Structures are given as C-alpha cells and as structure tokens.
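Worksheet: one structure, shown below.
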Amino acid sequence: MQADPHKPEVRLQGTAAAPGVAQGLVYLLSQGMEIVACQKVADLDAELRRFEAALVATRKEISALRDDVSKKLNASEATIFDAHLLVLEDVALIDDVTREVRKTSFNVEFCFQEVAQRYVQIFEKMEDTFLRERAADIRDVTSRVLQQLLGTQPERLGQAAQQHIVVARDLTPTETAGLHDDGILAFVTEDGGRTSHSAIMARSLGIPAVVGVQGLLEVAYDDSMMLVDGETGLVIINPSKETLESYRAKEQAIRTRRDRVMQEIALPDVLSDGGSFALLANIGSPSEMADALHYCAHGVGLYRTENLYLRLDAWPSEAEQYEEYAEAVRQAKGRTVTFRTLDLGGDKRLGELAAEANPFMGFRAIRLCLEHPEIFRPQIRALVRAATLGPIAVMFPMISGVEEMRQAKTFFRQVESELKAEKVLPAHPIKLGAMIEIPAAVSIANALAKECDFFSVGTNDLVQYLLAVDRGNPRVAALYDPCHPAVIHSLIQIFGAAAQNRIPAAVCGELAGDPVWAPLLIGLGAYELSMSPSALPEVRFVLRHSSTEDLEALCARVVAGGDPSLTRRLLQEFAASKLKSR
Ligand code: PEP
Ligand code: MG
C-alpha cells in the first residue's frame with residue numbers, strides 16, 4: 001500500500017492510548033454527519049424540490065419508526081422521535097437551507113449539512129443540558145435526510161471498515177466494543193484521553209489507538225493513507241516512503257519484543273530474588289476471560305459490571321446479571337473474580353439518571369446505587385448467587401467516606417443474609433473492598449482501611465480528581481500527569497494505611513498495566529496489579545527481571561527527586577533496561 005507521492009506528509013500528535021503500530025487506509029466514521037462533496041448545480045428549483053422530497057420521506061420514515069417503537073416498547077421511548085420530527089419541521093432551518101442553495105448554487109446536501117452543522121455547534125455550546133442534548137437530535141435527523149438525498153444506507157461499522165484505520169471524533173465504549181469483530185487495524189479519535197473508556201477498551205482489544213488528536217478531522221479523509229503509532233501517539237497522514245520504511249523497522253522491533261516477553265508468560269509472578277506479587281486482569285464481559293487465562297492472570301482484579309448495562313443500553317434484570325456473572329465465575333475456574341458494583345456516570349452515561357452538567361463529579365457509581373436500591377439490590381443478589389459457583393470479591397466504586405463504605409457494606413450483607421435464608425450460600429466468604437480513587441478517600445485511608453477487606457486503587461480517576469484534570473479532555477491531556485508528586489504521595493499514603501491495617505492493596509487503574517509504572521507500584525507497596533489482559537506479558541517480564549532491592553532503589557530515587565520529569569525519566573529508564581537487557 002502506497003501513500004500518494006503528490007500529497008505532503010502530515011504529522012499530528014495525540015495521546016498514545018493503546019500500543020502497537022498500524023498502517024492502512026482511513027475509514028472515517030461520520031457518526032451522524034456524512035461527508036458530503038460540494039458541487040455547483042444549474043437548476044436550483046429542482047434542487048429544492050429534491051430537498052422537499054427528502055424531508056417528506058424522512059418524516060415518513062421517522063413516524064413509522066415512532067409507531068413501531070411505541071407498539072414494541074412504550075410511549076416514552078417513542079418521544080425521542082417526536083423530537084426528531086420537530087427538527088424536521090423547524091422553519092428557520094429549512095429557510096436557512098433554501099437561502100444557502102439560492103445564494104451559493106451549491107448542491108442541497110452540501111448546503112443542508114453546512115447549515116445543520118452550524119445549528120449543532122450552537123446547541124452544543126448551550127448552558128442548559130436539555131438544549132445541549134438537542135445537538136444529538138439534529139445530528140441524527142441530518143444523517144437521515146442526507147441518506148435520503150444521497151440514496152445511501154445508514155452507516156454501520158462492519159465490512160467497509162475491515163482492515164482500515166477507523167477515524168472518528170470520539171467513540172463511545174459501546175462503539176469501541178463493536179470494533180473487535182470488525183477486523184479494525186487501529187483507531188484514532190480527535191477527542192478523548194488515555195484513560196477515557198474507549199482507550200481502555202482498545203487496550204483490552206489489543207488494537208493500537210491514539211486519542212485526543214486535535215485537528216484530525218480537518219485533515220483525515222476516507223481512504224487516505226495513515227500510519228498510527230500507538231506507542232508515541234503520533235499519527236501520520238500520507239506517510240512518505242522513508243517514514244514507512246523506518247516504521248517497518250519499528251514494527252519489527254515491537255514484534256521481537258512481544259515474542260520475547262511472551263516466552264515468559266506462564267512463569268510465576270515472582271521477583272528475581274523470590275519476592276512475590278500477583279498480576280490480574282481487568283475485564284468487562286465473560287468473553288474476555290479467555291484472554292485473561294491465555295495471558296496467565298491470577299484472577300480478575302476488576303470486572304467492570306457497568307459494561308453489561310452499556311451493552312444492553314438498559315437496566316439488566318437480576319437474571320441477566322446472574323447469567324453474566326455466573327459465566328465469568330465458571331470460566332475463571334477457581335480464580336477469584338473481583339466484581340466492581342455498578343460504576344455508571346462520568347463518560348459512562350446511561351439514560352436520564354446521569355444527564356448532568358458535571359457528570360464526573362455528579363450522581364455516579366456508589367452514590368447512584370445507594371439512592372436506588374431497586375437498581376443495587378438485583379445486582380447484589382446476582383453477585384451473591386454467582387458466588388455459589390466459585391470465589392468472588394466485591395468492591396464499591398467512588399467511595400469518598402467511611403459512612404458511605406459502611407452503608408454499602410450493610411446493604412450488601414443484608415442482601416446476602418436474605419439469600420442465606422433462601423439457602424443460597426456462597427462457596428467462599430465474599431470479601432468487600434473499596435476503590436480508592438477520590439482524594440478524600442486517600443486522606444482518610446487509615447480509617448477507611450478498618451472498614452475494608454482490601455483496597456483497589458483506581459488511578460485513572462485518582463489522577464483526574466487529584467489534579468483537577470478531566471481524563472477525557474485532550475486540551476488538558478498534558479496536565480494529566482501521574483508523575484506529579486501529589487500522585488506519588490497519595491500512593492504512599494494508601495499503601496501505608498493498607499499495610500498498617502493488614503489489608504492487601506491492589507491497583508486496577510491503567511498505571512498498573514504500564515510496564516513503566518508497575519515497578520514503582522510494587523516497590524511502593526502494592527501486592528496485586530490488575531490490567532487489560534494484553535498488558536500482562538510485558539509487566540510480568542519487567543517485574544520478574546527486577547529484584548526487591550532494584551525496586552526499593554527506584555522508589556527511593558523517585559521519592560527523593562520529587563520532580564515529575566525526573567520521575568518519568570527514572571521510570572522509563574528502569575523499564576527500558578529490563579526490557580532491553582535480555
Ligand atoms: C479507575 O478509575 O482507575 C478505574 C479503574 O475505574 P474506571 O476507569 O472504570 O473509572
Ligand atoms: Mg474509576
């Protein structure tokens with residue numbers, strides 16, 4: 001595959017989100033906005049008649065859909081289509097398009113898209129959440145009208161995207177999950193950060209990804225040649241022959257490194273002097289268990305239960321949840337599966353419950369569950385029932401205080417005893433832990449540890465809240481710096497409190513799966529590290545080739561240095577020396 005020699009190479013820097021290098025043709029995911037060519041037209045009246053016909057056909061299509069949905073589901077689900085019909089009847093929008101066609105003599109699909117995009121931008125900037133969300137309605141309707149005008153089918157990721165690099169503004173976790181089966185080479189998004197959930201999923205799917213590439217959608221187009229470096233975050237459009245050659249060497253080096261670390265994948269989790277640690281997997285569905293076992297995970301350190309809610313796009317019943325958890329426990333074959341109770345909110349939105357101006361700091365995770373026992377109870381019942389099949393642990397997300405932890409525990413134990421009365425008995429005692437991901441939880445770690453059987457540190461959120469840096473916002477990505485001394489001090493405080501209270505501390509945020517970070521985390525006192533299955537081989541390799549003394553020396557230098565760039569350099573040099581020395 002060759003880039004067009006007449007077009008210049010364009011280099012864009014984003015955030016490396018999932019390792020690996022890929023090159024191929026771009027598949028632009030329009031996400032509701034088609035990319036429409038601009039053409040001059042002679043007969044403007046005919047053009048406007050086409051527009052009127054497309055509006056009529058779209059109205060018919062949406063009305064039929066609304067009737068169908070209200071028959072199959074209920075009236076409230078169908079109201080979304082009423083909102084879409086209102087967009088189609090918006091006189092101002094239709095007048096603007098008509099004026100644009102007459103003024104420019106451009107084809108109506110182009111004018112319509114230009115006008116609709118202006119409307120979307122206006123709505124997106126609105127303060128009011130309700131009005132802001134109307135932008136999505138306009139996008140959706142625009143896409144339908146454009147399909148009528150262009151005679152195309154609704155876009156689906158599938159065949160067309162196979163063996164391509166998917167380029168999009170952003171991907172929802174659900175869309176990212178869909179990439180797996182589609183033979184996608186890599187994905188690149190204009191928005192998002194390294195710890196946004198689409199990036200986390202990319203890592204577990206093992207496809208290279210770069211996110212937060214500002215200006216991407218202005219220069220990437222369908223079928224342009226692209227090179228994606230998921231290790232450095234570099235995206236190169238129309239790469240030159242020389243660039244392609246140098247990357248072939250890099251791809252080869254990555255493959256060689258991968259082959260080497262894979263040779264040690266099944267060796268035990270021990271340091272070179274015999275000190276032990278444990279590596280576990282982060283998963284979000286039973287189907288990911290196969291990968292976890294393939295890479296010899298000791299168990300599951302984080303099962304993101306909200307993924308089921310996101311996949312179904314609805315509240316699952318107790319039976320549906322039980323089926324999923326039971327399958328995961330069965331497939332774990334005696335290894336402990338640590339389920340995290342529902343962590344919706346933030347970038348994992350579901351319906352109206354999480355529609356807020358500031359969702360990352362709003363009504364999410366354990367806060368939502370404690371206020372909605374009708375949601376929390378079926379989940380806990382399903383978990384306790386699954387525990388009859390094998391060992392599980394349960395942790396609560398976004399714990400901010402001792403009282404909250406007590407409430408969550410009390411609720412859990414009550415449901416557990418109700419089930420005991422129904423003769424549902426877990427095969428092993430269920431340990432209950434807290435995710436430590438809010439700075440307040442770090443400050444009170446000692447008191448919190450007395451209420452917990454274990455801690456699991458969620459560094460993705462902890463870094464975001466400690467530094468007040470949105471984990472998904474590319475404009476502040478450079479400030480999302482885990483090397484900040486505040487992060488290091490917090491980790492020391494958490495592990496110290498856990499040790500003092502004799503409870504184990506795990507890390508399940510993305511830092512745990514980073515071979516650059518794993519030595520520091522173990523050195524500072526974590527025992528378990530939980531990560532995307534595909535990250536296990538490299539982390540295991542680096543740790544197995546380190547001694548307790550190595551790790552202690554590394555920690556001492558990092559702590560004494562106290563400077564983010566020095567920390568970064570020390571950590572990178574340490575990991576590189578372990579990966580290169582064999
Ligand atoms: C974290 O915050 O580090 C974490 C593991 O949870 P999530 O990424 O799902 O918020
Ligand atoms: Mg979190």
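Here's how to read the names in the structure tokens: chain A, B, ... by the order shown, residue numbers from 1 in each chain, ligand numbers from 1 in the order shown.
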Met395 (chain A) environment, 10 Å, only C-alpha atoms, sequence neighbours closer than 2 positions dropped, as a PDB file with N, CA, C and O atoms, in the first residue's frame:
ATOM      1  N   GLY A 301      -9.018  -8.744  38.727  1.00  0.00           N
ATOM      2  CA  GLY A 301      -8.892  -7.715  39.761  1.00  0.00           C
ATOM      3  C   GLY A 301      -9.918  -6.615  39.609  1.00  0.00           C
ATOM      4  O   GLY A 301     -10.149  -5.834  40.521  1.00  0.00           O
ATOM      5  N   LEU A 302     -10.503  -6.542  38.414  1.00  0.00           N
ATOM      6  CA  LEU A 302     -11.562  -5.544  38.171  1.00  0.00           C
ATOM      7  C   LEU A 302     -12.480  -6.064  37.084  1.00  0.00           C
ATOM      8  O   LEU A 302     -12.069  -6.224  35.933  1.00  0.00           O
ATOM      9  N   TYR A 303     -13.711  -6.364  37.478  1.00  0.00           N
ATOM     10  CA  TYR A 303     -14.737  -6.712  36.489  1.00  0.00           C
ATOM     11  C   TYR A 303     -15.654  -5.502  36.433  1.00  0.00           C
ATOM     12  O   TYR A 303     -16.331  -5.179  37.402  1.00  0.00           O
ATOM     13  N   THR A 338     -13.007 -10.359  41.026  1.00  0.00           N
ATOM     14  CA  THR A 338     -13.372  -9.183  41.824  1.00  0.00           C
ATOM     15  C   THR A 338     -14.326  -8.320  41.008  1.00  0.00           C
ATOM     16  O   THR A 338     -13.923  -7.692  40.024  1.00  0.00           O
ATOM     17  N   PHE A 339     -15.577  -8.345  41.408  1.00  0.00           N
ATOM     18  CA  PHE A 339     -16.575  -7.570  40.682  1.00  0.00           C
ATOM     19  C   PHE A 339     -16.661  -6.174  41.296  1.00  0.00           C
ATOM     20  O   PHE A 339     -16.715  -6.047  42.530  1.00  0.00           O
ATOM     21  N   ARG A 340     -16.677  -5.183  40.462  1.00  0.00           N
ATOM     22  CA  ARG A 340     -16.935  -3.833  40.956  1.00  0.00           C
ATOM     23  C   ARG A 340     -18.409  -3.532  40.724  1.00  0.00           C
ATOM     24  O   ARG A 340     -18.916  -3.757  39.614  1.00  0.00           O
ATOM     25  N   THR A 341     -19.087  -3.066  41.752  1.00  0.00           N
ATOM     26  CA  THR A 341     -20.516  -2.783  41.556  1.00  0.00           C
ATOM     27  C   THR A 341     -20.643  -1.609  40.579  1.00  0.00           C
ATOM     28  O   THR A 341     -19.682  -0.869  40.339  1.00  0.00           O
ATOM     29  N   LEU A 342     -21.841  -1.480  40.078  1.00  0.00           N
ATOM     30  CA  LEU A 342     -22.150  -0.533  39.007  1.00  0.00           C
ATOM     31  C   LEU A 342     -21.438   0.820  39.138  1.00  0.00           C
ATOM     32  O   LEU A 342     -21.584   1.505  40.141  1.00  0.00           O
ATOM     33  N   ALA A 393     -14.901 -11.550  44.925  1.00  0.00           N
ATOM     34  CA  ALA A 393     -14.782 -10.428  45.862  1.00  0.00           C
ATOM     35  C   ALA A 393     -15.608  -9.306  45.236  1.00  0.00           C
ATOM     36  O   ALA A 393     -15.890  -9.339  44.040  1.00  0.00           O
ATOM     37  N   PRO A 397     -17.247   1.337  43.902  1.00  0.00           N
ATOM     38  CA  PRO A 397     -16.520   2.427  43.238  1.00  0.00           C
ATOM     39  C   PRO A 397     -16.816   3.789  43.853  1.00  0.00           C
ATOM     40  O   PRO A 397     -17.888   4.009  44.412  1.00  0.00           O
ATOM     41  N   MET A 398     -15.851   4.684  43.744  1.00  0.00           N
ATOM     42  CA  MET A 398     -16.019   6.095  44.125  1.00  0.00           C
ATOM     43  C   MET A 398     -16.392   6.281  45.598  1.00  0.00           C
ATOM     44  O   MET A 398     -17.223   7.133  45.926  1.00  0.00           O
ATOM     45  N   ILE A 399     -15.772   5.475  46.450  1.00  0.00           N
ATOM     46  CA  ILE A 399     -16.030   5.655  47.890  1.00  0.00           C
ATOM     47  C   ILE A 399     -15.320   6.935  48.344  1.00  0.00           C
ATOM     48  O   ILE A 399     -14.142   7.126  48.080  1.00  0.00           O
ATOM     49  N   MET A 405     -18.954   3.757  52.890  1.00  0.00           N
ATOM     50  CA  MET A 405     -18.476   2.374  52.833  1.00  0.00           C
ATOM     51  C   MET A 405     -19.328   1.500  53.758  1.00  0.00           C
ATOM     52  O   MET A 405     -19.733   0.399  53.383  1.00  0.00           O
ATOM     53  N   ALA A 408     -22.689   0.839  52.166  1.00  0.00           N
ATOM     54  CA  ALA A 408     -22.603  -0.121  51.055  1.00  0.00           C
ATOM     55  C   ALA A 408     -22.451  -1.545  51.605  1.00  0.00           C
ATOM     56  O   ALA A 408     -23.099  -2.495  51.145  1.00  0.00           O
ATOM     57  N   LYS A 409     -21.587  -1.666  52.621  1.00  0.00           N
ATOM     58  CA  LYS A 409     -21.357  -2.997  53.224  1.00  0.00           C
ATOM     59  C   LYS A 409     -22.634  -3.532  53.878  1.00  0.00           C
ATOM     60  O   LYS A 409     -22.995  -4.693  53.719  1.00  0.00           O
ATOM     61  N   LYS A 431     -15.216 -11.192  50.197  1.00  0.00           N
ATOM     62  CA  LYS A 431     -14.509 -10.030  50.767  1.00  0.00           C
ATOM     63  C   LYS A 431     -15.051  -8.759  50.116  1.00  0.00           C
ATOM     64  O   LYS A 431     -15.346  -8.742  48.912  1.00  0.00           O
ATOM     65  N   LEU A 432     -15.148  -7.700  50.929  1.00  0.00           N
ATOM     66  CA  LEU A 432     -15.672  -6.434  50.415  1.00  0.00           C
ATOM     67  C   LEU A 432     -14.595  -5.347  50.512  1.00  0.00           C
ATOM     68  O   LEU A 432     -14.003  -5.147  51.572  1.00  0.00           O
ATOM     69  N   GLY A 433     -14.368  -4.684  49.400  1.00  0.00           N
ATOM     70  CA  GLY A 433     -13.312  -3.665  49.376  1.00  0.00           C
ATOM     71  C   GLY A 433     -13.795  -2.351  48.814  1.00  0.00           C
ATOM     72  O   GLY A 433     -14.915  -2.239  48.301  1.00  0.00           O
ATOM     73  N   ALA A 434     -12.910  -1.344  48.911  1.00  0.00           N
ATOM     74  CA  ALA A 434     -13.238  -0.018  48.373  1.00  0.00           C
ATOM     75  C   ALA A 434     -12.261   0.327  47.267  1.00  0.00           C
ATOM     76  O   ALA A 434     -11.072   0.038  47.368  1.00  0.00           O
ATOM     77  N   MET A 435     -12.796   0.948  46.220  1.00  0.00           N
ATOM     78  CA  MET A 435     -11.911   1.543  45.222  1.00  0.00           C
ATOM     79  C   MET A 435     -11.413   2.844  45.841  1.00  0.00           C
ATOM     80  O   MET A 435     -12.206   3.632  46.371  1.00  0.00           O
ATOM     81  N   CYS A 452     -12.580  -2.087  55.523  1.00  0.00           N
ATOM     82  CA  CYS A 452     -12.438  -2.801  54.241  1.00  0.00           C
ATOM     83  C   CYS A 452     -11.632  -4.086  54.376  1.00  0.00           C
ATOM     84  O   CYS A 452     -10.705  -4.155  55.180  1.00  0.00           O
ATOM     85  N   ASP A 453     -11.972  -5.062  53.538  1.00  0.00           N
ATOM     86  CA  ASP A 453     -11.147  -6.272  53.463  1.00  0.00           C
ATOM     87  C   ASP A 453      -9.967  -6.051  52.520  1.00  0.00           C
ATOM     88  O   ASP A 453      -8.984  -6.776  52.571  1.00  0.00           O
ATOM     89  N   PHE A 454     -10.109  -5.103  51.603  1.00  0.00           N
ATOM     90  CA  PHE A 454      -8.995  -4.787  50.687  1.00  0.00           C
ATOM     91  C   PHE A 454      -9.237  -3.417  50.067  1.00  0.00           C
ATOM     92  O   PHE A 454     -10.356  -2.896  50.091  1.00  0.00           O
ATOM     93  N   PHE A 455      -8.144  -2.863  49.539  1.00  0.00           N
ATOM     94  CA  PHE A 455      -8.224  -1.619  48.758  1.00  0.00           C
ATOM     95  C   PHE A 455      -7.895  -1.948  47.307  1.00  0.00           C
ATOM     96  O   PHE A 455      -7.060  -2.819  47.040  1.00  0.00           O
ATOM     97  N   SER A 456      -8.504  -1.229  46.383  1.00  0.00           N
ATOM     98  CA  SER A 456      -8.067  -1.302  44.997  1.00  0.00           C
ATOM     99  C   SER A 456      -7.983   0.134  44.487  1.00  0.00           C
ATOM    100  O   SER A 456      -8.966   0.874  44.537  1.00  0.00           O
TER     101      SER A 456
END
- [ ] Select the residues contacting ligand 1 at a distance of at most 9 Å, based on only C-alpha atoms and all ligand atoms, then format the selection as a ChimeraX atom specification.
- [x] /A:195-197,200,282,302,304,306,343-344,346-348,397-398,435-438,456-464,507-511,530-531
Task: Test item: residues at most 7 Å from Gln23 (chain A), only C-alpha atoms, excluding those fewer than 4 positions along its chain, as a ChimeraX atom specification - done: /A:226-228
Could you list, as a short mmCIF file (atom, residue, chain, number, x, y, z; two decimals) with C-alpha atoms, in the first residue's frame, every residue within 6 Å of region 44-55 of chain A, counting only C-alpha atoms and ignoring same-chain residues fewer than 2 positions away?
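Dumped to around_37.cif:
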data_model
loop_
_atom_site.label_atom_id
_atom_site.label_comp_id
_atom_site.auth_asym_id
_atom_site.auth_seq_id
_atom_site.Cartn_x
_atom_site.Cartn_y
_atom_site.Cartn_z
CA ALA A 57 -39.56 10.84 3.06
CA THR A 58 -37.61 11.35 6.29
CA VAL A 145 -32.10 13.46 5.49
CA GLN A 148 -32.42 10.22 1.60
CA LEU A 149 -30.69 12.81 -0.57
#
Task: Among listed residues A:Ile236, A:Ala386, A:Val402, A:Ile366, nearest ligand 2 (using only C-alpha atoms and all ligand atoms) - done: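 Closest candidate: A:Ile366.
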TODO: Just the residues within 10 Å of Ala427 (chain A), please, counting only C-alpha atoms, with nothing from its chain fewer than 4 positions along; format it as a PyMOL selection string.
DONE: chain A and resi 384-392
Open item on the list: Let's see if you can do this: from backbone DSSP, list all strand (DSSP E) residues in region 423-528 of chain A, as a ChimeraX atom specification.
Closed with: /A:431-436,454-457,505-507,528
Write out the residues from the selection above, keeping C-alpha atoms, as an mmCIF file, in the first residue's frame.
data_model
loop_
_atom_site.group_PDB
_atom_site.id
_atom_site.type_symbol
_atom_site.label_atom_id
_atom_site.label_comp_id
_atom_site.auth_asym_id
_atom_site.auth_seq_id
_atom_site.Cartn_x
_atom_site.Cartn_y
_atom_site.Cartn_z
ATOM 1 C CA LYS A 431 -14.509 -10.030 50.767
ATOM 2 C CA LEU A 432 -15.672 -6.434 50.415
ATOM 3 C CA GLY A 433 -13.312 -3.665 49.376
ATOM 4 C CA ALA A 434 -13.238 -0.018 48.373
ATOM 5 C CA MET A 435 -11.911 1.543 45.222
ATOM 6 C CA ILE A 436 -9.580 4.337 46.267
ATOM 7 C CA PHE A 454 -8.995 -4.787 50.687
ATOM 8 C CA PHE A 455 -8.224 -1.619 48.758
ATOM 9 C CA SER A 456 -8.067 -1.302 44.997
ATOM 10 C CA VAL A 457 -6.590 1.929 43.723
ATOM 11 C CA ALA A 505 -3.757 -3.208 48.312
ATOM 12 C CA ALA A 506 -4.222 -3.640 44.601
ATOM 13 C CA VAL A 507 -4.024 -1.167 41.736
ATOM 14 C CA GLU A 528 -1.700 -7.024 43.130
#
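Among the candidate residues A:Pro373, A:Gly230, A:Gly345, A:Pro429, the one lying nearest to ligand 2 is A:Gly345, with distances computed using only C-alpha atoms and all ligand atoms.
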Task: Residues flagged helix (DSSP H, G or I) by DSSP in region 255-410 of chain A, as number ranges by chain - done: A: 255-262, 286-294, 306-312, 318-332, 351-354, 359-361, 365-371, 373-386, 402-410
Open item on the list: Nearest residue to Ser246 (chain A) out of A:His484, A:Val394, A:Asp229, A:Gly362, using only C-alpha atoms?
Closed with: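 For Ser246 (chain A), the nearest of the given residues is A:Asp229.
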Task: For CA of Ser105 (chain A) and CA of Ala92 (chain A), the interatomic separation in Å (one decimal) - done: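 Computed distance, CA of Ser105 (chain A) to CA of Ala92 (chain A), equals 19.4 Å.
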Task: Residue nearest Thr15 (chain A) among A:Tyr480, A:Phe376, A:Tyr325, A:Phe106 (counting only C-alpha atoms) - done: A:Tyr480
